[in-house]
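Here's input-v8.txt, which has compact mmCIF, C-alpha atoms:
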```
# COMPACT_ATOMS: atom_id res chain seq x y z
CA MET A 1 102.08 85.36 56.54
CA ASP A 2 101.08 88.99 57.12
CA PHE A 3 103.59 90.76 59.40
CA GLU A 4 101.61 94.00 59.54
CA LEU A 5 99.90 94.79 62.84
CA THR A 6 96.14 95.19 62.64
CA ASP A 7 94.50 98.53 63.40
CA THR A 8 93.37 97.13 66.76
CA GLN A 9 96.88 95.97 67.63
CA LYS A 10 98.33 99.35 66.66
CA SER A 11 95.72 101.04 68.82
CA VAL A 12 96.61 98.87 71.84
CA GLN A 13 100.28 99.65 71.33
CA ALA A 14 99.58 103.38 71.09
CA VAL A 15 97.39 103.45 74.20
CA PHE A 16 99.97 101.72 76.37
CA LYS A 17 102.86 103.67 74.87
CA LYS A 18 101.13 106.94 75.77
CA PHE A 19 100.36 105.68 79.27
CA VAL A 20 103.95 104.59 79.84
CA ASP A 21 105.50 107.78 78.47
CA GLU A 22 103.19 110.07 80.44
CA LYS A 23 102.53 108.17 83.66
CA VAL A 24 105.18 105.51 84.21
CA LYS A 25 108.57 106.63 82.93
CA PRO A 26 108.58 109.93 84.85
CA ILE A 27 108.39 108.07 88.19
CA ALA A 28 109.95 104.69 87.30
CA SER A 29 113.23 105.44 89.06
CA GLU A 30 111.37 106.58 92.17
CA ILE A 31 109.29 103.39 92.15
CA ASP A 32 112.47 101.33 92.01
CA ARG A 33 114.25 103.36 94.68
CA LYS A 34 111.38 103.26 97.19
CA LYS A 35 110.75 99.53 96.61
CA GLU A 36 107.06 100.16 97.16
CA PHE A 37 104.30 98.53 95.13
CA PRO A 38 102.89 101.22 92.78
CA HIS A 39 99.26 100.53 93.63
CA ASP A 40 97.85 103.67 91.97
CA LEU A 41 99.53 102.82 88.66
CA PHE A 42 98.38 99.22 89.04
CA LEU A 43 94.77 100.41 89.26
CA GLU A 44 95.26 102.65 86.21
CA VAL A 45 96.54 99.66 84.25
CA GLY A 46 93.35 97.88 85.32
CA LYS A 47 91.26 100.75 83.97
CA LEU A 48 93.01 100.31 80.61
CA GLY A 49 91.61 96.77 80.52
CA PHE A 50 94.98 95.06 80.70
CA PHE A 51 94.07 92.46 83.33
CA GLY A 52 91.22 91.18 81.18
CA MET A 53 92.91 91.30 77.78
CA ARG A 54 93.35 87.53 77.61
CA TYR A 55 89.80 86.73 78.73
CA PRO A 56 86.58 86.79 76.66
CA GLU A 57 84.05 89.57 77.00
CA GLU A 58 81.42 87.25 78.47
CA ALA A 59 83.81 86.58 81.38
CA GLY A 60 84.38 90.28 81.99
CA GLY A 61 87.49 90.65 79.84
CA THR A 62 88.13 92.43 76.56
CA GLY A 63 88.83 89.39 74.40
CA MET A 64 92.06 90.61 72.79
CA ASP A 65 94.54 88.41 70.98
CA ILE A 66 97.89 87.36 72.43
CA VAL A 67 99.80 89.58 70.00
CA SER A 68 97.96 92.62 71.39
CA TYR A 69 98.62 91.40 74.92
CA CYS A 70 102.35 91.12 74.17
CA LEU A 71 102.43 94.64 72.74
CA ALA A 72 100.95 95.94 75.99
CA VAL A 73 103.39 93.90 78.12
CA MET A 74 106.35 95.21 76.13
CA GLU A 75 105.28 98.81 76.65
CA LEU A 76 104.75 98.33 80.39
CA ALA A 77 108.19 96.71 80.73
CA ARG A 78 109.74 99.55 78.73
CA GLY A 79 108.51 101.88 81.45
CA SER A 80 108.95 99.83 84.62
CA MET A 81 109.69 96.14 84.94
CA SER A 82 108.35 96.22 88.50
CA LEU A 83 104.96 97.44 87.33
CA ALA A 84 104.97 95.16 84.29
CA ALA A 85 105.82 92.07 86.32
CA ALA A 86 103.06 92.73 88.86
CA CYS A 87 100.49 93.46 86.17
CA SER A 88 101.47 90.45 84.06
CA MET A 89 101.15 88.18 87.09
CA GLN A 90 97.65 89.53 87.72
CA SER A 91 96.61 89.11 84.10
CA LEU A 92 97.80 85.53 83.67
CA MET A 93 98.92 83.12 86.41
CA ALA A 94 97.02 84.72 89.29
CA THR A 95 93.64 84.68 87.55
CA TYR A 96 93.73 81.87 85.00
CA PHE A 97 92.71 79.02 87.29
CA LEU A 98 89.85 81.05 88.73
CA TYR A 99 88.57 81.73 85.22
CA ARG A 100 89.09 78.17 84.03
CA PHE A 101 87.72 76.27 87.03
CA GLY A 102 86.00 78.67 89.41
CA ASP A 103 82.29 78.36 90.20
CA GLU A 104 79.91 81.32 90.22
CA GLU A 105 80.96 82.42 93.71
CA VAL A 106 84.67 82.29 92.88
CA VAL A 107 84.21 84.11 89.58
CA GLU A 108 82.03 86.88 91.00
CA ASN A 109 83.90 87.49 94.25
CA TYR A 110 87.45 87.05 93.04
CA PHE A 111 88.00 86.69 89.29
CA ARG A 112 85.88 89.59 88.05
CA LYS A 113 87.18 91.89 90.78
CA ALA A 114 90.74 90.94 89.83
CA LEU A 115 90.11 92.03 86.24
CA THR A 116 89.57 95.61 87.42
CA GLY A 117 92.40 95.53 89.96
CA GLU A 118 89.94 95.77 92.84
CA LYS A 119 91.41 92.52 94.14
CA ILE A 120 95.00 91.39 93.71
CA GLY A 121 95.95 87.78 93.14
CA ALA A 122 99.15 85.76 93.35
CA ILE A 123 100.17 82.24 92.39
CA CYS A 124 102.00 80.01 94.87
CA MET A 125 104.08 77.24 93.34
CA THR A 126 107.75 77.56 94.36
CA GLU A 127 108.90 76.16 97.70
CA PRO A 128 112.24 76.26 99.52
CA ASP A 129 113.13 72.83 98.11
CA ALA A 130 111.06 72.91 94.91
CA GLY A 131 111.69 75.37 92.10
CA SER A 132 112.10 73.84 88.66
CA ASP A 133 111.34 70.45 90.26
CA LEU A 134 107.68 71.01 91.12
CA ASN A 135 107.25 67.29 91.69
CA ASN A 136 109.15 67.83 94.93
CA ILE A 137 106.61 70.20 96.50
CA LYS A 138 105.63 69.32 100.05
CA THR A 139 102.60 71.56 100.59
CA MET A 140 99.80 69.17 101.47
CA THR A 141 96.02 69.42 101.47
CA LYS A 142 93.97 66.97 103.50
CA VAL A 143 90.65 66.01 101.91
CA LYS A 144 87.77 66.05 104.39
CA ASP A 145 84.09 65.29 103.84
CA ASP A 146 83.08 68.94 103.98
CA CYS A 147 86.31 70.89 103.42
CA PHE A 148 90.03 70.87 102.66
CA ILE A 149 92.83 71.53 105.18
CA LEU A 150 95.95 73.15 103.69
CA ASN A 151 99.44 73.13 105.19
CA GLY A 152 102.75 74.17 103.67
CA GLN A 153 105.25 76.87 102.86
CA LYS A 154 105.81 78.76 99.62
CA THR A 155 108.52 81.22 98.62
CA TRP A 156 109.25 83.74 95.86
CA ILE A 157 105.59 84.71 95.74
CA THR A 158 105.08 87.86 93.71
CA GLN A 159 102.73 90.43 95.28
CA ALA A 160 102.18 88.30 98.39
CA PRO A 161 101.92 91.20 100.91
CA HIS A 162 99.31 92.93 98.75
CA ALA A 163 97.38 89.86 97.60
CA ASP A 164 93.72 89.33 98.38
CA PHE A 165 93.88 85.71 97.25
CA PHE A 166 96.33 83.00 96.23
CA SER A 167 96.16 80.18 93.69
CA VAL A 168 98.12 77.48 95.53
CA LEU A 169 99.66 74.35 94.02
CA SER A 170 99.48 71.50 96.52
CA ARG A 171 99.60 67.77 96.94
CA THR A 172 96.54 66.02 98.34
CA ASP A 173 96.61 63.18 100.81
CA ASN A 174 94.81 60.78 98.46
CA HIS A 175 96.46 61.60 95.13
CA GLU A 176 100.03 61.62 93.83
CA LYS A 177 99.47 64.47 91.39
CA HIS A 178 99.07 68.16 92.29
CA SER A 179 95.98 70.32 92.54
CA PHE A 180 95.29 74.06 92.61
CA PHE A 181 93.28 75.66 95.40
CA LEU A 182 91.92 79.17 95.87
CA VAL A 183 93.09 80.54 99.22
CA PRO A 184 91.78 83.95 100.38
CA ALA A 185 94.58 85.91 102.05
CA HIS A 186 92.45 86.84 105.05
CA TYR A 187 91.72 83.23 106.03
CA LYS A 188 92.93 82.03 109.41
CA GLY A 189 96.26 80.25 109.11
CA VAL A 190 97.55 82.26 106.12
CA HIS A 191 100.79 84.01 107.04
CA VAL A 192 102.79 86.26 104.71
CA GLY A 193 106.44 86.15 105.76
CA LYS A 194 109.45 88.33 105.14
CA ASN A 195 109.99 90.18 101.89
CA ILE A 196 112.88 89.00 99.74
CA ASP A 197 115.33 91.82 99.02
CA LYS A 198 116.11 91.51 95.31
CA LEU A 199 118.69 92.88 92.90
CA GLY A 200 116.03 94.12 90.49
CA VAL A 201 112.27 94.39 89.91
CA CYS A 202 112.36 95.89 93.38
CA ALA A 203 108.83 97.32 93.56
CA SER A 204 107.18 94.06 92.57
CA ILE A 205 107.24 92.73 96.11
CA THR A 206 108.24 89.08 96.57
CA SER A 207 107.72 87.21 99.84
CA GLU A 208 107.33 83.92 101.64
CA VAL A 209 103.85 82.58 102.44
CA ALA A 210 102.97 79.88 104.99
CA PHE A 211 99.72 77.95 105.36
CA ASP A 212 98.91 76.50 108.77
CA GLU A 213 95.78 74.34 108.97
CA VAL A 214 93.91 76.60 106.54
CA LYS A 215 90.31 75.40 106.18
CA LEU A 216 88.95 75.77 102.63
CA PRO A 217 85.42 75.13 101.32
CA LYS A 218 84.99 72.39 98.74
CA ASN A 219 84.36 74.81 95.87
CA TYR A 220 87.84 76.33 96.34
CA LEU A 221 89.38 73.33 94.62
CA LEU A 222 90.22 74.75 91.18
CA GLY A 223 89.60 71.89 88.79
CA GLU A 224 89.86 68.24 89.65
CA ILE A 225 91.95 66.56 92.32
CA GLY A 226 95.29 65.88 90.64
CA GLY A 227 94.60 68.23 87.74
CA GLY A 228 97.01 70.98 88.72
CA THR A 229 99.90 69.99 86.47
CA LYS A 230 97.59 69.60 83.47
CA GLY A 231 96.11 73.04 84.15
CA LEU A 232 99.57 74.57 84.45
CA LEU A 233 100.61 73.06 81.12
CA GLU A 234 97.64 74.83 79.49
CA ILE A 235 99.23 78.23 80.14
CA LEU A 236 102.92 77.32 80.27
CA ALA A 237 103.54 78.52 76.72
CA GLU A 238 101.75 81.80 77.41
CA ILE A 239 103.83 82.32 80.57
CA ARG A 240 107.00 81.98 78.51
CA ILE A 241 105.69 84.19 75.70
CA MET A 242 104.76 86.83 78.28
CA THR A 243 108.22 86.60 79.89
CA ALA A 244 109.79 87.12 76.47
CA ALA A 245 107.66 90.24 76.03
CA LEU A 246 108.88 91.55 79.39
CA ALA A 247 112.48 90.95 78.30
CA ILE A 248 112.00 92.72 74.99
CA GLY A 249 110.36 95.69 76.71
CA VAL A 250 113.29 96.35 79.04
CA ALA A 251 115.75 95.73 76.20
CA GLU A 252 113.91 98.33 74.11
CA ALA A 253 114.26 100.88 76.91
CA ALA A 254 118.00 100.27 77.22
CA PHE A 255 118.48 100.34 73.46
CA GLN A 256 116.60 103.62 73.03
CA ASP A 257 118.54 105.31 75.83
CA ALA A 258 121.88 104.12 74.44
CA ILE A 259 121.11 105.30 70.90
CA GLU A 260 119.98 108.71 72.15
CA TYR A 261 123.14 109.00 74.23
CA ALA A 262 125.32 108.01 71.26
CA LYS A 263 123.72 110.74 69.16
CA THR A 264 124.22 113.51 71.72
CA ARG A 265 127.42 112.61 73.60
CA VAL A 266 130.28 114.45 71.88
CA GLN A 267 133.89 113.33 72.25
CA PHE A 268 136.89 114.20 70.07
CA GLY A 269 134.79 116.68 68.17
CA GLN A 270 131.87 114.45 67.14
CA PRO A 271 128.98 112.38 68.56
CA ILE A 272 130.26 109.01 69.77
CA GLY A 273 127.68 107.35 67.52
CA LYS A 274 129.93 108.25 64.60
CA PHE A 275 132.70 106.01 65.90
CA GLN A 276 132.84 102.54 64.41
CA ALA A 277 133.05 100.74 67.76
CA ILE A 278 129.77 102.31 68.92
CA ARG A 279 128.04 101.77 65.58
CA ILE A 280 128.92 98.07 65.64
CA LYS A 281 127.48 97.73 69.15
CA ALA A 282 124.31 99.52 68.06
CA ALA A 283 123.92 97.28 65.02
CA ASP A 284 124.40 94.13 67.08
CA MET A 285 121.77 95.29 69.56
CA ALA A 286 119.32 96.16 66.76
CA VAL A 287 119.73 92.70 65.21
CA GLN A 288 119.07 90.99 68.53
CA LEU A 289 116.08 93.18 69.34
CA GLU A 290 114.38 92.86 65.96
CA THR A 291 114.97 89.11 65.82
CA ALA A 292 113.50 88.67 69.30
CA LYS A 293 110.43 90.72 68.34
CA HIS A 294 109.76 88.64 65.25
CA MET A 295 110.14 85.41 67.21
CA LEU A 296 107.77 86.77 69.87
CA PHE A 297 105.06 87.73 67.41
CA TYR A 298 105.33 84.34 65.70
CA ALA A 299 104.94 82.46 69.00
CA ALA A 300 102.05 84.77 69.99
CA TRP A 301 100.43 84.23 66.58
CA LEU A 302 100.68 80.45 67.02
CA SER A 303 98.96 80.84 70.37
CA ASP A 304 96.19 82.93 68.81
CA GLN A 305 95.68 80.23 66.18
CA ASP A 306 95.63 77.56 68.92
CA LYS A 307 98.51 75.77 67.21
CA PRO A 308 101.25 73.77 68.96
CA ARG A 309 103.70 76.30 70.40
CA GLN A 310 105.56 74.79 73.34
CA LYS A 311 108.87 74.66 71.47
CA GLU A 312 108.48 78.15 69.99
CA ALA A 313 107.50 79.60 73.37
CA ALA A 314 110.57 78.04 75.00
CA ILE A 315 112.82 79.28 72.20
CA VAL A 316 111.59 82.88 72.30
CA LYS A 317 111.73 83.09 76.10
CA LEU A 318 115.27 81.71 76.06
CA TYR A 319 116.44 83.95 73.21
CA ALA A 320 114.68 87.15 74.27
CA SER A 321 115.91 86.95 77.87
CA GLU A 322 119.51 86.34 76.80
CA CYS A 323 119.24 89.18 74.28
CA ALA A 324 117.80 91.51 76.90
CA ASN A 325 120.74 90.92 79.20
CA SER A 326 123.21 91.30 76.35
CA ILE A 327 121.56 94.51 75.11
CA CYS A 328 121.41 96.04 78.58
CA ASP A 329 125.08 95.21 79.09
CA GLU A 330 126.17 96.70 75.76
CA ALA A 331 123.95 99.74 76.26
CA SER A 332 125.54 100.40 79.63
CA ARG A 333 128.98 100.15 78.01
CA ILE A 334 127.99 102.76 75.44
CA MET A 335 127.00 105.11 78.26
CA ALA A 336 130.17 104.16 80.19
CA SER A 337 130.24 105.79 83.63
CA TYR A 338 126.76 107.24 83.10
CA GLY A 339 125.46 103.72 82.61
CA TYR A 340 126.95 102.84 85.98
CA ALA A 341 125.50 105.80 87.85
CA MET A 342 122.35 105.31 89.93
CA GLU A 343 121.14 108.69 88.68
CA TYR A 344 120.35 107.20 85.28
CA PRO A 345 117.95 104.33 84.52
CA MET A 346 120.46 102.20 82.59
CA GLN A 347 121.59 100.43 85.78
CA ARG A 348 117.92 99.64 86.54
CA TYR A 349 117.41 98.10 83.11
CA TRP A 350 120.48 95.92 83.65
CA ARG A 351 119.27 94.79 87.09
CA ASP A 352 115.69 94.20 85.97
CA ALA A 353 116.68 92.20 82.89
CA ARG A 354 118.27 89.52 85.08
CA PHE A 355 114.79 88.52 86.26
CA THR A 356 113.84 87.25 82.79
CA LEU A 357 116.64 84.66 82.81
CA PHE A 358 114.76 82.51 85.32
CA GLY A 359 111.19 83.86 85.28
CA GLY A 360 109.04 81.44 83.29
CA GLY A 361 111.60 78.67 83.77
CA THR A 362 115.39 78.85 83.90
CA ASN A 363 117.08 78.97 80.52
CA GLU A 364 119.00 75.81 81.34
CA ILE A 365 115.74 73.93 81.86
CA LEU A 366 114.34 75.44 78.65
CA LYS A 367 117.27 74.09 76.65
CA ILE A 368 116.45 70.61 77.93
CA ASN A 369 112.80 71.13 76.99
CA ILE A 370 113.70 72.34 73.50
CA ALA A 371 115.93 69.30 72.98
CA ARG A 372 113.03 67.09 74.10
CA GLU A 373 110.76 68.78 71.56
CA LEU A 374 113.39 67.87 68.93
CA GLY A 375 112.99 64.23 69.90
CA LEU A 376 116.29 63.97 71.79
```
Could I get this file's structure written as structure tokens?
Amino acid sequence: MDFELTDTQKSVQAVFKKFVDEKVKPIASEIDRKKEFPHDLFLEVGKLGFFGMRYPEEAGGTGMDIVSYCLAVMELARGSMSLAAACSMQSLMATYFLYRFGDEEVVENYFRKALTGEKIGAICMTEPDAGSDLNNIKTMTKVKDDCFILNGQKTWITQAPHADFFSVLSRTDNHEKHSFFLVPAHYKGVHVGKNIDKLGVCASITSEVAFDEVKLPKNYLLGEIGGGTKGLLEILAEIRIMTAALAIGVAEAAFQDAIEYAKTRVQFGQPIGKFQAIRIKAADMAVQLETAKHMLFYAAWLSDQDKPRQKEAAIVKLYASECANSICDEASRIMASYGYAMEYPMQRYWRDARFTLFGGGTNEILKINIARELGL
């Protein structure tokens, strides 16, 4: 197996690294502090082609491989997890079902405009009583002769206040299995509720959304009645691979800051990086980070080859997210009181890394899934 990145992959990495270093990192702390969606940066990410990286050129995308996509995600998360989370949502879950099942009207009016950032999408799955247990969702769609009528409540919806459309997972009154529906945000009966005040990823706004007798045209059913779970399984591995890339990106930021601090912080007549206790911490972090990267690229490569990858995707999401939290914790210890101060970004890395423990599926659920893949 060739572990060398291709010229195209290196180019993608360089483009997003430059963008993050010049445009994102200088204002990342301000973005977090204000808790405001960075719409201008979001549009600039769209101009870089990020939202269409996973989609073929004939659909309006750039037709890049998943390894390249992960490289871009890692760089964005290195700069700002809030921006990276919002952009990753737009590039995957919010647009996939429109691409996969949308008719000409849906593709032209919503999907293609989402690839440029002109329209913002969100996916609605979680409910107050249904998180990991999606079989317990209560959102219901009535099937009429000429339309659908949607009712229900969703929560933890990323980008809800800024969304132009939602991909909504719902039951239907004549089928036990779930279906996805396109729901324009401006439709009568769509209500975005209160924002959820979070520990981290503060500028990727998360809210409640309610649907009250929302009338949808027939072509806004995305796929077949009852096909929602099957459609979700098609991208579940990619969701977990993407979440691992987010985790590695924020871990990289914390690691780099800690190493730089260890080289320049002088105590007892020498840089603290010369002390064995700090060097051991740095080595442990490097091992975790490099291992997570290799696991990520392997899972992404499997996806590019269209090979089975559910187990590998679960493993890398589980491992990378745990490593990210461990690395951010150790990095903050190296910086000691400076790692605790709001003036420095280390505390933001620590807060943002927590998101990856449950984004893409809780790690406890993933362990059960991995065991199932082992035949247990």
Would you please work out which residue, of A:Tyr96, A:Phe166, A:Phe297, A:Phe3, is nearest to Leu71 of chain A when using only C-alpha atoms?
->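 For Leu71 of chain A, the nearest of the candidates is A:Phe297.
Once segment 65-68 of chain A and its same-chain neighbours fewer than 6 positions away are set aside, Leu5, Thr8, Gln9, Lys10, Val12, Gln13, Met53, Arg54, Glu238, Leu296, Phe297, Tyr298, Ala299, Ala300, Trp301, Ser303 and Asp304 of chain A remain within 9 Å of it when counting all atoms listed in the file.
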Give me the residues within 10 Å of segment 37-41 of chain A as a list in words, counting only C-alpha atoms and dropping any in the same chain fewer than 5 places off.
-> Phe19, Lys23, Val24, Ile27, Ala28, Ile31, Asp32, Gly46, Lys47, Ser82, Leu83, Ala86, Cys87, Gly117, Gln159, Pro161, His162, Cys202, Ala203, Ser204 and Ile205 of chain A
Would you pick out the contacts of segment 139-155 of chain A at 10 Å or less, using all atoms listed in the file, so that residues sharing its chain but fewer than 2 positions from it are not included, and give the list as a short mmCIF file (atom, residue, chain, number, x, y, z; two decimals) with C-alpha atoms, in the coordinates of the input?
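What landed in around.cif:
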```cif
data_model
loop_
_atom_site.label_atom_id
_atom_site.label_comp_id
_atom_site.auth_asym_id
_atom_site.auth_seq_id
_atom_site.Cartn_x
_atom_site.Cartn_y
_atom_site.Cartn_z
CA ILE A 123 100.17 82.24 92.39
CA CYS A 124 102.00 80.01 94.87
CA MET A 125 104.08 77.24 93.34
CA THR A 126 107.75 77.56 94.36
CA GLU A 127 108.90 76.16 97.70
CA PRO A 128 112.24 76.26 99.52
CA ASP A 129 113.13 72.83 98.11
CA ALA A 130 111.06 72.91 94.91
CA GLY A 131 111.69 75.37 92.10
CA ASN A 136 109.15 67.83 94.93
CA ILE A 137 106.61 70.20 96.50
CA ILE A 157 105.59 84.71 95.74
CA THR A 158 105.08 87.86 93.71
CA ALA A 160 102.18 88.30 98.39
CA VAL A 168 98.12 77.48 95.53
CA LEU A 169 99.66 74.35 94.02
CA SER A 170 99.48 71.50 96.52
CA ARG A 171 99.60 67.77 96.94
CA THR A 172 96.54 66.02 98.34
CA ASP A 173 96.61 63.18 100.81
CA ASN A 174 94.81 60.78 98.46
CA HIS A 175 96.46 61.60 95.13
CA HIS A 178 99.07 68.16 92.29
CA SER A 179 95.98 70.32 92.54
CA PHE A 181 93.28 75.66 95.40
CA VAL A 183 93.09 80.54 99.22
CA GLY A 189 96.26 80.25 109.11
CA VAL A 190 97.55 82.26 106.12
CA HIS A 191 100.79 84.01 107.04
CA VAL A 192 102.79 86.26 104.71
CA GLY A 193 106.44 86.15 105.76
CA LYS A 194 109.45 88.33 105.14
CA ASN A 195 109.99 90.18 101.89
CA ILE A 196 112.88 89.00 99.74
CA THR A 206 108.24 89.08 96.57
CA SER A 207 107.72 87.21 99.84
CA GLU A 208 107.33 83.92 101.64
CA VAL A 209 103.85 82.58 102.44
CA ALA A 210 102.97 79.88 104.99
CA PHE A 211 99.72 77.95 105.36
CA ASP A 212 98.91 76.50 108.77
CA GLU A 213 95.78 74.34 108.97
CA VAL A 214 93.91 76.60 106.54
CA LYS A 215 90.31 75.40 106.18
CA LEU A 216 88.95 75.77 102.63
CA PRO A 217 85.42 75.13 101.32
CA LYS A 218 84.99 72.39 98.74
CA ASN A 219 84.36 74.81 95.87
CA TYR A 220 87.84 76.33 96.34
CA LEU A 221 89.38 73.33 94.62
CA ILE A 225 91.95 66.56 92.32
#
```
Identify which of the residues A:Gly359, A:Leu48, A:Ala247, A:Tyr349 lies closest to Met89 of chain A, counting all atoms listed in the file when measuring atom-to-atom distances.
->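 Among A:Gly359, A:Leu48, A:Ala247, A:Tyr349, it is A:Gly359 that comes nearest to Met89 of chain A.
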Best match for closeness to Ser11 of chain A among A:Arg100, A:Ala72, A:Tyr261, A:Lys367, counting all atoms listed in the file |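 Closest to Ser11 of chain A of all the choices is A:Ala72.
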Would you list the contacts of Ser321 of chain A as a list in words, taking every protein, DNA or RNA residue within 9 Å and counting all atoms listed in the file, but skipping same-chain residues closer than 3 positions in sequence?
->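 Close residues of Ser321 of chain A: Thr243, Ala244, Leu246, Ala247, Ile248, Ala251, Val316, Lys317, Leu318, Ala324, Asn325, Ser326, Ala353, Arg354, Phe355, Thr356, Leu357, Phe358 and Asn363 of chain A.
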Pick out the closest residue to Arg351 of chain A from this set: A:Cys323, A:Leu222, A:Ala262, A:Leu199. Count all atoms listed in the file.
->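 Once distances to Arg351 of chain A are computed over all atoms listed in the file, the minimum belongs to A:Leu199.
Rounded to one decimal, atom CA of Ala277 of chain A and atom CA of Met346 of chain A lie 19.5 Å from each other.
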Measure the distance from atom CA of Leu134 of chain A to atom CA of Gln310 of chain A in Å and round it to one decimal.
->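 Computed distance, atom CA of Leu134 of chain A to atom CA of Gln310 of chain A, equals 18.3 Å.
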In terms of the shortest atom-to-atom distance over only C-alpha atoms, which of A:Glu108, A:Asp352, A:Glu118, A:Glu312 is closest to Leu374 of chain A?
->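 Under the stated criterion, the closest residue is A:Glu312.
For the atom pair formed by atom CA of Glu252 of chain A and atom CA of Trp156 of chain A, the distance is 26.6 Å, given to one decimal.
Here the question is which of A:Gly121, A:Gly200, A:Pro271, A:Gly102 gets nearest to Lys35 of chain A using all atoms listed in the file, and that residue is A:Gly200.
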All residues 12 Å or closer to Arg265 of chain A, only C-alpha atoms, same chain fewer than 3 positions away omitted, as an MDAnalysis selection string | chainID A and resid 257:262 268:275 278 334:336 338
